[in-house]
Structure formats: structure tokens, C-alpha cells
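**Q** Before anything else, here's the structure in question.
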Amino acid sequence: MSNHPDFMVYTEALEKVYQLGDEKIEVLKNVSLSIPKAKFIALTGASGSGKTTLLNIIGGIDRPSSGKIFVADQDLTSQNEDALSDFRCNNMGFVFQSYNLVSTLTVAENIAFPMEWTRKPFEEIGKRVDELLETLGLQHRANHFASQLSGGEQQRVAFARALANDPQLILADEPTGNLDAKNGNKIIQVLQLLKNQGKTVIVSTHDEQIKALADQVLMLEDGKLASENE
Amino acid sequence: MSNFPTNDLLRRKLQTSLTIATLTLSVSSTLFLLLFSSRLGINTTSTAVTLTMGITGALSTFTFFVGVLVFAVGAVLSSFIAFLMMAQRTRDFGLINAAGCPNSLVAGYFITELLAVTLTGCGLGVAFGFLTDFGVSNWVFSAYKLPNLWFGPGVFVTFFVFSLVFGLWPMIKASKMTPAKALSPTEYNGLTIGSKLRPMSRWGLTWQIASRSMYRRQKASIRLVILLSTVFVLLTVSVAGGIIARDTTTSWVQNTVDPKTIVIATNSMGNQYEQLLSKFSGGSANSDFNYSDPNLAIPQSVITQLSMLPLVSLIDSRLVLNEHVSEIDNFTVDPNNHSTSGTSSVGGHRQGDSIVIGVNVDKLDGTWSVAGHFLTVNGSLDAVVGDSIAQSMYAPDESLNINQSNPLVQGIAFENNTFNIVGVCVDPLNNGLVTYVSIDTLMNVTGISSPNLLLVQLKDASSTTIAQIKTTVQSIEPNLNVFSLDKTLQKDTNFLSSTWQTIMLLPIFTLASAAFCLVGYMMLTVDEQHQEYAILRAVGAKPRFVVVSLAIQSLILLLSSFGIGILFGTIITVLILMQQPIITGFTMFQITLWLASALSAIFILSLYPAYRLAKTAVLKIMT
């Protein structure tokens, strides 16, 4: 257990180094931050500044090279793969820039499967899928494959999947990056909804509208936390 | 862009090397198994001077069928690998096409890649095939003889053409698609079925993901089932066919003499009979032996005395002679044309030497595997010939203008008498160059009035009983001796078993090569699905889920293919390879054990790619 119960995310001197042949690439350098619960955080910075890597480490799909990370009161640094899987399933929802929907599953199935892992009752899963489809305006797409949807629709399905287990923390990696203004606005509405629901949301973005929505904007520059604006 | 094919292949190191490795394995294992089968065939033919022709025929049929199936498995596997490799490129085809590259140029790039991969795979496969043959032949046959080199180019050309044709198929399909369609995952992931079903069921999630993945990739799943079914047909034929054929042929040899039987004859006759029996396993008999020597005769008093002993259950009196025999031809009538022109001749006038054995039909020690039937009490002029007589003197022979020949409608003549052939039997005695007739008839036509050999079946074949029999016999006729056939028969069956054991290396090698090829194939299919599993892992699936889900897919595919393979394999085995098979409970146990082990081994090996995927970090798989 961590000693940081007030924070949803707490990091200490986080470093991430990739080895490419003989070359060492330092993606994150000494990143220490604390994100309180129920806050909307916008993570900004130029391409290659380490935003996605930081989100991946917070989301437990990557590990830091050194430093400490606590998320939702759990020390992710020392967790094994099974524990990290449980953490991802129960505590957070991840929205990828490239949607990452499972192509062999329908929209409804894509939303349902994270709930199936938590062994929720059949009826409850069905009800929750219907609820999320309605909230995100996807009822008519329930039985379509991901490839039959537009980019905006795929991103909304990705949000629905991230919300399936009603996690405390939502991570979104440039969710509007691949979308036009109209579809981008729909996603911003979803983010607004999450903010209103009191979720902790961390969004990596260049979008000014999302930044405007944020309680705090964190800026990464060359792998370092450059500034924190309330 | 002109270096696109080379650069593309080099950048996709894992896929390229996997495809080449699987193709290499497929070609090399097929070539090796063909070379090995042909070596076994040559070995079998060379043992034909010892084994009877019927048994040699069974061995040859078996190796021929296994050879054909090995070739079929290899061809199906290599064509599927090429298909899989190119089907995975449909998206890239669309992508390059969408970027403005003309269809013909994109097709050219991918055909060049296909050519490079299949040429390398097939070339390496031929090289490794010959190398493996060199190593294994030195180990098994202890001396290396140059194989039939034509197998190399034969396998290379066939597999190369198969791979090319099947590899081109998805490319031709992709070239006819709009780039948008080619880019759609419904095409490159092979999704064929939509779903109107609600996502949840009361079954386990892992099962659902596995079954949905297979169901929606119907084309890929069917391809894999076809491949695996062919592998299991081959395995069933090799394993079940091999074991049944081994047991059946062994029983053919064993049953010709009852296990509790001793031979009573003079020393020279007894030794000669043993030698005749051991010719099957390489022994030689005295060709100048005078079987009609009056000194070999067994007095009736010996038979009478023996028949009174309670230890004796049967006395099979035999008159064994060496005769010059002639084929008697016949004719058949065309059922639609009863005039003289509607008949055709069967057989000719070939001649040869045979051991002719006169037997007492109602007191026979031993049973024979017979086509037709054995001698009956009423058929005094009937004969049953050994399989080697049938195949050497009663087979169609174009050089002698004998187009039709069938011993069962023909006759055999010796001592100026003609006998109707009513059966063809498998007999290890004199390597199947034997003819059985009624002992009374044989005595009549030769003028010899006494048998020269007794097969005595005992109730208890202990050494005490045999010693007691010997004392009784020698008290009447001191020239007679008692011989046990156990050792000779054991030598014959051991020889047959060792021949089969060498042949049974085929299923072992087949299983090993099929398993390795399947792992390669599974790695390619896992590679095709890795992105999906990465996403599932990223949103909470445990590594175990990946293994279990892929294991379920593998198990379903393996079990369905196993069922199909066993069904067709059994049909081929029982109806074609070995008609009148002898199947005991132990035979079934051995076959079940073999096939269950094969299934388990292939299943466990097929999990390796899944295990490897589960062990890889999520982010690494995703990127």
C-alpha cells in the first residue's frame, strides 16, 4: 500500500530509458508529480516529449526504468504482470489515440469484455453496455465491427470501453488527435461528462478546448516536467 | 521504391524468417520422409528374398501410402503458409495502392517478395532434406547409399509451384479490390461473419473470445482444419496402419504353427524343416535334400502310440516333398457373350519348384491367413498355394503375354496330376513357396505310403513333457527325434518386428516434422492476432488469458481435425492398407496411446507461440 492516499497518481523521480542498439534514449527524466483525485489534468508538450510514455507508465502498460509510481493507492513499480492486469481492469480506463478496438469483436462486445473479466453478472453487463451505448450515441452501431465505424465513432467506443468498469481514473492519449472538429467536439463532451462525474481524467493533448476544460495543465518538455499550471 | 521488396522483407524480420523457416521445415521434412520411405522400400525389396511376397506386399503398400500422404501434408502446409503470408499483406497492398502506386507495380513488389521467400524456403528445404537423410540413414541403416536424387527437384518444383499459386491467390484478390476495401480489417483479418448476438453468454469469457475469434476467422480456421486433418490422416495411417499391419503380419507367421507344437521327424528331416521355416528370416535350406528318402518315413506305430498319450492333443501327420510344379491356365467367359469369341484365357504355363505338403485336413495344427479357403475334407484334388507361389507364378506378365492371371480360378500340376487352387495362404515356410494338398492324394500320386514329419500339439509344452514324448518315440523308432519350433518361429517374428520397427520410424519422424511445422504455422497465426491480444492485455486481460484463449482455439481445431483425420485414416487403413486386419485389445491400446501422445505433443508444442506472446510486454506487442 502507498503512503499517498490523497493522490490518484503520485510519482517520484520517474525515469524511462529505451535502448536502441548502442544508443540510450531518455524519454522521461526525473518526473515527480502528484495528481489529486477527481481532477481533470491536461498533459501537453511537443511530439516526442514523453506524454504517451508517461501515460503508459501511469496506466500500467509500461514500467519505469527507475523511480516510483503510485496509482489509486497501489505501488505499480513492484507489481507483477497479473497484478498490473487486475489494476488495469478494475482501476482505470485507457483511451488510445489509435482507438485500438478489437477488430474481431462487435461494438457491444468491445464494450462488454472488460466487464466480463470482473465476473459481473450477465444481466448487469447487458444493462451497462446499453447504458454506455446510449450515453455515447452508439445504439445503432452495437452489432457493427470496428472497421465499419468512422474514426469519431471508434473513439467513442474506446471511451465506452474505458468507462465499462466505472474506473476512478481515465487516461486518454490525444483522443481528438485523429478526429475532425465535429467528432472532436463530441469527444470533448464526453470528457466534460467525465469531469462532471468526478472522475480523475488525464488527457495528453494539443487541443486548446481540452486544455480549457482542465483543472491543471502539465507540460512535458524533452522528458522533463516543465511547468504546472493551475 | 525499386528496392521495396528486399527492404520490406528485411524489415519484417520475424514474419519473413518465420515463413521461410516453416517452408524450409515443410519441404525438408517431406523430402526427408520421401527419401526415407524410398530407402525403406529398397530395404524391403532387398528383404524380399527372405520375407514372403505377401508380407513384402503389405510393407510396400504401407510405405507407399505413407509416402503419398507425407507428400500431401507437405504440399498442403507449404501452400497454406504462402497463402497466410500473402493474405496478411492485403492491407499493405491497399496502403501502397492508396498512396498512388499502380496496381501492376504493387503486385510486382509482392510477387517478387513471394518468389524470394518461396525460393529461399524451398531451396533451403531441399538442402536440409538431403542433409537429414544423410544423417538419419547413417544412423538407421549404418551405411549411406546415394538416394534417388530426383526426389530433390521433384519436391522443390511441386512445392514451389503450390506455394506460388496459393500465395498469388490473395494478391490477385487484393489487386481487384478498391484500396479502401483492401485497407479494411474485415478483409485483412478475414472477418467473414457479422454478429446479431448479444455479446454475453453464460459461458466463460475466455471460451467466448476464443470461439468468436475462430468463428469470425472462418476461412483461416477452415484452412487450419484442412491442414491438421491431413496431418492426422497421415498419423493415423502411419500409426494405426503400421501397428495393425505389424500385428497382422506377425500373426500370419505365428498362427501357422500352434505355440504348443513339437516336430517329430528324423534328425535330417527335422533340421531341414527348421531351415525351411527359418528361410523367412534369412536362413537357408539344403536344396538337394531328398524328401522322398524311405529312411525319413515315420512308422504308423509311432503315431498310434503317441495318440494314446494323454499329453497329446493333436497329431498333424505331414508328407513334405519338393516338387517341380506347373501353372495350369483357365479361361473366363464374358457374361454378355457366350460364344467362343467371348472367352479369354487366364494364366499361362509357367513352372517352378515348390515344397508340397500333404496334410490331414481334419487334423491341422495351425491356421493360415487365406484368400479363398483352406483345404476341405471333400476336396481331394484341391490345393492351397503359398503367397510367393501365387505372386511368382500366377501374376499377370506382359513379357509372356499373360494379361490375366488369378490363382483362384487356375490350377497347379505336379506328378502328372492337376489340382484346383482353392486358396492362397501366407506361410513363412520356404518363404511362401509352398503348396498344400491332401496327404492321402499326395501319397496316392507319389506312391509314398508314410508321412515324413509329425506336428504334435501338446496340452502342456513343458520340457518334462517333451522329454517324455522323446522317450516314447525313441523307444519305438530310435532314428526319430523331437524338435521344438519355438526358437525358429521366434526368430521369424523378431525379424518381422525389427523390419516393422524400422518402418515405424516413419510415423515418429512424421509426427516430429508435423509438430514443428504446426508450431511454425501457429506462430504465424498468433502473429496475425498479436495486436488483438495486445489490446486485450492493455485493457486488463492477464497473460494467462492469452495462453488459455489460444489453447482453446488450438484444442478445438486440433480435436475437430483429429476426428476427421482418425475417420479417414481408419478408412484408408482398414479398407485399403490391410483388409482382414487382426485387431486385438492390445493393438487398440497401442494405437490409442500413440495417437493420444501425438495429439498431446502437438497441442503442447502449439502452445509455445501463445506462451511466448503472453511473456512479451504489452507495449512491445502493441508497437
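As shown in the C-alpha cells, the chain order sets the letters A, B, ...; within each chain, residues go from 1, and ligands are also counted from 1 in the order they appear.
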What are the residues of chain A that have an atom within 7 Å of an atom of chain B, counting only C-alpha atoms, as a PyMOL selection string?

**A** chain A and resi 61-62+82+85-86+88-89+94+100+102-104+108-109+112+114+116+122+143+147

**Q** Quick one: residues within 10 Å of A:Ile210, only C-alpha atoms counted, chain neighbours fewer than 3 positions away excluded, as a list in words?

**A** Phe40, Ile41, Ala42, Leu43, Glu174, Pro175, Thr176, Gly184, Asn185, Ile187, Ile188, Gln189, Leu191, Gln192, Val203, Ser204, Thr205, His206, Asp207, Leu213, Ala214 and Val217 of chain A

**Q** Please write the residues from the selection above to a file, keeping C-alpha atoms, as a compact mmCIF listing (two decimals), in the first residue's frame.

**A**
# COMPACT_ATOMS: atom_id res chain seq x y z
CA PHE A 40 -9.02 16.79 -14.84
CA ILE A 41 -5.42 17.01 -16.00
CA ALA A 42 -4.26 18.01 -19.46
CA LEU A 43 -0.80 16.74 -20.34
CA GLU A 174 -4.63 12.51 -27.72
CA PRO A 175 -8.26 11.40 -28.05
CA THR A 176 -9.09 14.09 -30.60
CA GLY A 184 -13.60 16.19 -31.70
CA ASN A 185 -16.39 18.19 -30.09
CA ILE A 187 -15.29 13.62 -27.54
CA ILE A 188 -14.87 16.87 -25.60
CA GLN A 189 -18.49 16.49 -24.50
CA LEU A 191 -14.67 14.41 -21.33
CA GLN A 192 -16.87 17.16 -19.85
CA VAL A 203 -5.54 13.59 -21.15
CA SER A 204 -2.49 14.08 -23.30
CA THR A 205 -3.49 16.67 -25.85
CA HIS A 206 -2.67 19.64 -28.05
CA ASP A 207 -6.34 20.63 -28.17
CA LEU A 213 -11.52 22.10 -19.56
CA ALA A 214 -8.59 21.03 -17.38
CA VAL A 217 -2.18 21.56 -17.29

**Q** Neighbouring residues of A:Asp222 were defined as those with any atom within 12 Å, considering only C-alpha atoms; residues of the same chain fewer than 5 positions away were excluded. Please report them as a ChimeraX atom specification.

**A** /A:16,25-31,44-51,53

**Q** Would you export the selected residues with N, CA and C atoms as a PDB file, in the first residue's frame, please?

**A**
ATOM      1  N   LYS A  16      12.543   6.948 -17.676  1.00  0.00           N
ATOM      2  CA  LYS A  16      12.336   5.874 -18.655  1.00  0.00           C
ATOM      3  C   LYS A  16      13.397   5.994 -19.739  1.00  0.00           C
ATOM      4  N   ILE A  25      18.050   6.171 -25.216  1.00  0.00           N
ATOM      5  CA  ILE A  25      17.157   7.320 -25.389  1.00  0.00           C
ATOM      6  C   ILE A  25      16.401   7.546 -24.077  1.00  0.00           C
ATOM      7  N   GLU A  26      16.648   8.700 -23.470  1.00  0.00           N
ATOM      8  CA  GLU A  26      15.967   9.030 -22.208  1.00  0.00           C
ATOM      9  C   GLU A  26      14.647   9.703 -22.542  1.00  0.00           C
ATOM     10  N   VAL A  27      13.566   9.012 -22.332  1.00  0.00           N
ATOM     11  CA  VAL A  27      12.257   9.549 -22.704  1.00  0.00           C
ATOM     12  C   VAL A  27      11.659  10.348 -21.543  1.00  0.00           C
ATOM     13  N   LEU A  28      11.818   9.837 -20.328  1.00  0.00           N
ATOM     14  CA  LEU A  28      11.355  10.580 -19.147  1.00  0.00           C
ATOM     15  C   LEU A  28      12.551  10.794 -18.217  1.00  0.00           C
ATOM     16  N   LYS A  29      12.661  12.051 -17.736  1.00  0.00           N
ATOM     17  CA  LYS A  29      13.817  12.360 -16.864  1.00  0.00           C
ATOM     18  C   LYS A  29      13.319  12.950 -15.555  1.00  0.00           C
ATOM     19  N   ASN A  30      13.494  12.210 -14.504  1.00  0.00           N
ATOM     20  CA  ASN A  30      13.226  12.690 -13.153  1.00  0.00           C
ATOM     21  C   ASN A  30      11.840  13.354 -13.018  1.00  0.00           C
ATOM     22  N   VAL A  31      10.830  12.655 -13.444  1.00  0.00           N
ATOM     23  CA  VAL A  31       9.472  13.222 -13.386  1.00  0.00           C
ATOM     24  C   VAL A  31       8.857  12.902 -12.022  1.00  0.00           C
ATOM     25  N   THR A  44       0.439  18.242 -21.765  1.00  0.00           N
ATOM     26  CA  THR A  44       0.791  18.800 -23.080  1.00  0.00           C
ATOM     27  C   THR A  44       2.303  18.709 -23.300  1.00  0.00           C
ATOM     28  N   GLY A  45       2.685  19.060 -24.481  1.00  0.00           N
ATOM     29  CA  GLY A  45       4.106  19.015 -24.835  1.00  0.00           C
ATOM     30  C   GLY A  45       4.248  18.632 -26.293  1.00  0.00           C
ATOM     31  N   ALA A  46       5.410  18.946 -26.831  1.00  0.00           N
ATOM     32  CA  ALA A  46       5.646  18.649 -28.252  1.00  0.00           C
ATOM     33  C   ALA A  46       5.691  17.136 -28.478  1.00  0.00           C
ATOM     34  N   SER A  47       5.553  16.762 -29.742  1.00  0.00           N
ATOM     35  CA  SER A  47       5.661  15.330 -30.064  1.00  0.00           C
ATOM     36  C   SER A  47       7.029  14.833 -29.632  1.00  0.00           C
ATOM     37  N   GLY A  48       7.059  13.682 -29.008  1.00  0.00           N
ATOM     38  CA  GLY A  48       8.333  13.109 -28.555  1.00  0.00           C
ATOM     39  C   GLY A  48       8.756  13.614 -27.196  1.00  0.00           C
ATOM     40  N   SER A  49       7.901  14.398 -26.536  1.00  0.00           N
ATOM     41  CA  SER A  49       8.291  14.938 -25.227  1.00  0.00           C
ATOM     42  C   SER A  49       8.101  13.912 -24.102  1.00  0.00           C
ATOM     43  N   GLY A  50       7.412  12.808 -24.389  1.00  0.00           N
ATOM     44  CA  GLY A  50       7.262  11.744 -23.385  1.00  0.00           C
ATOM     45  C   GLY A  50       5.849  11.609 -22.836  1.00  0.00           C
ATOM     46  N   LYS A  51       4.869  12.308 -23.464  1.00  0.00           N
ATOM     47  CA  LYS A  51       3.479  12.274 -22.954  1.00  0.00           C
ATOM     48  C   LYS A  51       2.922  10.833 -22.950  1.00  0.00           C
ATOM     49  N   THR A  53       4.498   7.990 -23.177  1.00  0.00           N
ATOM     50  CA  THR A  53       5.247   7.104 -22.271  1.00  0.00           C
ATOM     51  C   THR A  53       4.780   7.300 -20.828  1.00  0.00           C
TER      52      THR A  53
END

**Q** For a quick check of understanding, using only C-alpha atoms, which of B:Ser388, B:Thr441, B:Thr90, B:Asn452 has the smallest distance to B:Leu480?

**A**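 Between B:Ser388, B:Thr441, B:Thr90, B:Asn452, the residue approaching B:Leu480 most closely is B:Asn452.
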
**Q** So which residues touch A:Val95 within 7 Å, counting only C-alpha atoms, skipping near sequence neighbours fewer than 5 positions away, as a PDB file with C-alpha atoms, in the first residue's frame?

**A**
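Result file follows (selection-v9.pdb):
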ATOM      1  CA  ALA A 158     -12.991   3.334 -26.996  1.00  0.00           C
ATOM      2  CA  PHE A 159     -14.340   5.740 -24.348  1.00  0.00           C
ATOM      3  CA  ALA A 162     -12.733   2.631 -20.870  1.00  0.00           C
ATOM      4  CA  LEU A 171      -6.320   8.055 -19.282  1.00  0.00           C
ATOM      5  CA  ALA A 172      -6.714   9.351 -22.811  1.00  0.00           C
ATOM      6  CA  ASP A 173      -3.853   9.697 -25.258  1.00  0.00           C
ATOM      7  CA  PRO A 175      -8.264  11.405 -28.054  1.00  0.00           C
TER       8      PRO A 175
END

**Q** Nearest to A:Met219 among A:Val71, A:Leu33, A:Met8, A:Leu14, with distances taken over only C-alpha atoms: which residue is it?

**A** A:Leu33

**Q** To one decimal place in Å, what is the distance between atom CA of B:Leu227 and atom CA of B:Leu23?

**A** 14.0 Å

**Q** Nearest to A:Asp6: which of A:Leu136, A:Ile35, A:Leu225, A:Met115 is it, counting only C-alpha atoms?

**A**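 Of A:Leu136, A:Ile35, A:Leu225, A:Met115, the one nearest A:Asp6 is A:Ile35, counting only C-alpha atoms.
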
**Q** One decimal, in Å: what's the spacing between atom CA of B:Val456 and atom CA of B:Ile421?

**A**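 These two atoms are separated by 27.0 Å.
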
**Q** What's the 8 Å shell around stretch 193-199 of chain A, counting only C-alpha atoms, without same-chain residues fewer than 4 positions away, as a list in words?

**A** Lys37, Ala38, Lys39, Phe40, Pro167, Gln168, Leu169, Ile170 and Gln189 of chain A

**Q** In terms of the shortest atom-to-atom distance over only C-alpha atoms, which of A:Ser227, A:Phe7, A:Lys186, A:Glu134 is closest to A:Gln209?

**A**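 Answer, going by the shortest atom-to-atom distance: A:Lys186.
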
**Q** Would you mind telling me which residue in B:Ser301, B:Ser597, B:Thr616, B:Thr376 lies nearest to A:Glu81 when using only C-alpha atoms?

**A**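 Of B:Ser301, B:Ser597, B:Thr616, B:Thr376, the one nearest A:Glu81, counting only C-alpha atoms, is B:Thr616.
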
**Q** Can you pull out every residue within 12 Å of B:Thr493, counting only C-alpha atoms, but drop anything in the same chain fewer than 6 positions away, and send it as number ranges by chain?

**A** B: 51, 55, 246-256, 277-278, 280-281, 428, 486-487, 499-501

**Q** Could you dump the residues just selected with N, CA and C atoms as a PDB file, in the first residue's frame?

**A**
ATOM      1  N   LEU B  51      11.573 -62.421 -46.642  1.00  0.00           N
ATOM      2  CA  LEU B  51      10.148 -62.346 -46.305  1.00  0.00           C
ATOM      3  C   LEU B  51       9.308 -62.950 -47.427  1.00  0.00           C
ATOM      4  N   ILE B  55       3.820 -60.629 -47.442  1.00  0.00           N
ATOM      5  CA  ILE B  55       4.220 -59.710 -46.374  1.00  0.00           C
ATOM      6  C   ILE B  55       4.993 -58.537 -46.960  1.00  0.00           C
ATOM      7  N   ARG B 246       1.686 -54.538 -38.656  1.00  0.00           N
ATOM      8  CA  ARG B 246       2.728 -55.304 -37.951  1.00  0.00           C
ATOM      9  C   ARG B 246       2.103 -56.499 -37.214  1.00  0.00           C
ATOM     10  N   ASP B 247       1.029 -56.191 -36.440  1.00  0.00           N
ATOM     11  CA  ASP B 247       0.401 -57.262 -35.658  1.00  0.00           C
ATOM     12  C   ASP B 247      -0.207 -58.331 -36.565  1.00  0.00           C
ATOM     13  N   THR B 248      -0.829 -57.858 -37.678  1.00  0.00           N
ATOM     14  CA  THR B 248      -1.484 -58.809 -38.577  1.00  0.00           C
ATOM     15  C   THR B 248      -0.454 -59.721 -39.239  1.00  0.00           C
ATOM     16  N   THR B 249       0.606 -59.105 -39.768  1.00  0.00           N
ATOM     17  CA  THR B 249       1.598 -59.937 -40.456  1.00  0.00           C
ATOM     18  C   THR B 249       2.315 -60.857 -39.472  1.00  0.00           C
ATOM     19  N   THR B 250       2.530 -60.343 -38.242  1.00  0.00           N
ATOM     20  CA  THR B 250       3.175 -61.200 -37.241  1.00  0.00           C
ATOM     21  C   THR B 250       2.274 -62.393 -36.933  1.00  0.00           C
ATOM     22  N   SER B 251       0.973 -62.133 -36.827  1.00  0.00           N
ATOM     23  CA  SER B 251       0.058 -63.243 -36.522  1.00  0.00           C
ATOM     24  C   SER B 251      -0.020 -64.231 -37.681  1.00  0.00           C
ATOM     25  N   TRP B 252       0.127 -63.704 -38.917  1.00  0.00           N
ATOM     26  CA  TRP B 252       0.155 -64.614 -40.076  1.00  0.00           C
ATOM     27  C   TRP B 252       1.251 -65.655 -39.886  1.00  0.00           C
ATOM     28  N   VAL B 253       2.405 -65.178 -39.397  1.00  0.00           N
ATOM     29  CA  VAL B 253       3.545 -66.071 -39.228  1.00  0.00           C
ATOM     30  C   VAL B 253       3.327 -66.985 -38.029  1.00  0.00           C
ATOM     31  N   GLN B 254       2.906 -66.354 -36.902  1.00  0.00           N
ATOM     32  CA  GLN B 254       2.768 -67.138 -35.663  1.00  0.00           C
ATOM     33  C   GLN B 254       1.706 -68.223 -35.770  1.00  0.00           C
ATOM     34  N   ASN B 255       0.580 -67.911 -36.430  1.00  0.00           N
ATOM     35  CA  ASN B 255      -0.551 -68.838 -36.423  1.00  0.00           C
ATOM     36  C   ASN B 255      -0.356 -70.073 -37.296  1.00  0.00           C
ATOM     37  N   THR B 256       0.690 -70.035 -38.136  1.00  0.00           N
ATOM     38  CA  THR B 256       0.875 -71.208 -38.999  1.00  0.00           C
ATOM     39  C   THR B 256       1.292 -72.435 -38.196  1.00  0.00           C
ATOM     40  N   LEU B 277      11.666 -73.255 -42.406  1.00  0.00           N
ATOM     41  CA  LEU B 277      10.910 -72.265 -41.647  1.00  0.00           C
ATOM     42  C   LEU B 277      11.739 -70.999 -41.402  1.00  0.00           C
ATOM     43  N   SER B 278      13.060 -71.189 -41.268  1.00  0.00           N
ATOM     44  CA  SER B 278      13.883 -70.015 -40.966  1.00  0.00           C
ATOM     45  C   SER B 278      14.326 -69.267 -42.223  1.00  0.00           C
ATOM     46  N   PHE B 280      12.515 -67.547 -43.929  1.00  0.00           N
ATOM     47  CA  PHE B 280      11.786 -66.289 -43.793  1.00  0.00           C
ATOM     48  C   PHE B 280      12.666 -65.195 -43.188  1.00  0.00           C
ATOM     49  N   SER B 281      13.513 -65.626 -42.245  1.00  0.00           N
ATOM     50  CA  SER B 281      14.362 -64.621 -41.577  1.00  0.00           C
ATOM     51  C   SER B 281      15.825 -64.743 -41.994  1.00  0.00           C
ATOM     52  N   PRO B 428       5.285 -68.704 -43.681  1.00  0.00           N
ATOM     53  CA  PRO B 428       6.725 -68.413 -43.643  1.00  0.00           C
ATOM     54  C   PRO B 428       7.565 -69.587 -44.153  1.00  0.00           C
ATOM     55  N   ASP B 486       9.841 -73.377 -31.437  1.00  0.00           N
ATOM     56  CA  ASP B 486       9.720 -72.072 -30.770  1.00  0.00           C
ATOM     57  C   ASP B 486      10.790 -71.073 -31.209  1.00  0.00           C
ATOM     58  N   LYS B 487      12.060 -71.535 -31.154  1.00  0.00           N
ATOM     59  CA  LYS B 487      13.158 -70.610 -31.434  1.00  0.00           C
ATOM     60  C   LYS B 487      13.100 -70.113 -32.877  1.00  0.00           C
ATOM     61  N   THR B 499      11.842 -55.413 -38.838  1.00  0.00           N
ATOM     62  CA  THR B 499      11.563 -54.742 -40.113  1.00  0.00           C
ATOM     63  C   THR B 499      10.495 -53.665 -39.899  1.00  0.00           C
ATOM     64  N   TRP B 500       9.429 -54.030 -39.156  1.00  0.00           N
ATOM     65  CA  TRP B 500       8.372 -53.049 -38.883  1.00  0.00           C
ATOM     66  C   TRP B 500       8.871 -51.905 -38.021  1.00  0.00           C
ATOM     67  N   GLN B 501       9.780 -52.241 -37.076  1.00  0.00           N
ATOM     68  CA  GLN B 501      10.282 -51.169 -36.207  1.00  0.00           C
ATOM     69  C   GLN B 501      10.997 -50.102 -37.022  1.00  0.00           C
TER      70      GLN B 501
END

**Q** Between atom CA of B:Ala72 and atom CA of B:Ser17, what distance in Å does the model show, to one decimal?

**A**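 These atoms are spaced 23.7 Å apart.
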
**Q** Within 10 Å of A:Lys68, counting only C-alpha atoms, which residues qualify if same-chain residues fewer than 2 places away don't, as a list in words?

**A**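 Result of the neighbour search: Tyr10, Thr11, Glu12, Ala13, Leu14, Glu15, Val31, Ser32, Arg63, Pro64, Ser65, Ser66, Phe70, Asp75, Leu76, Thr77 and Ser78 of chain A.
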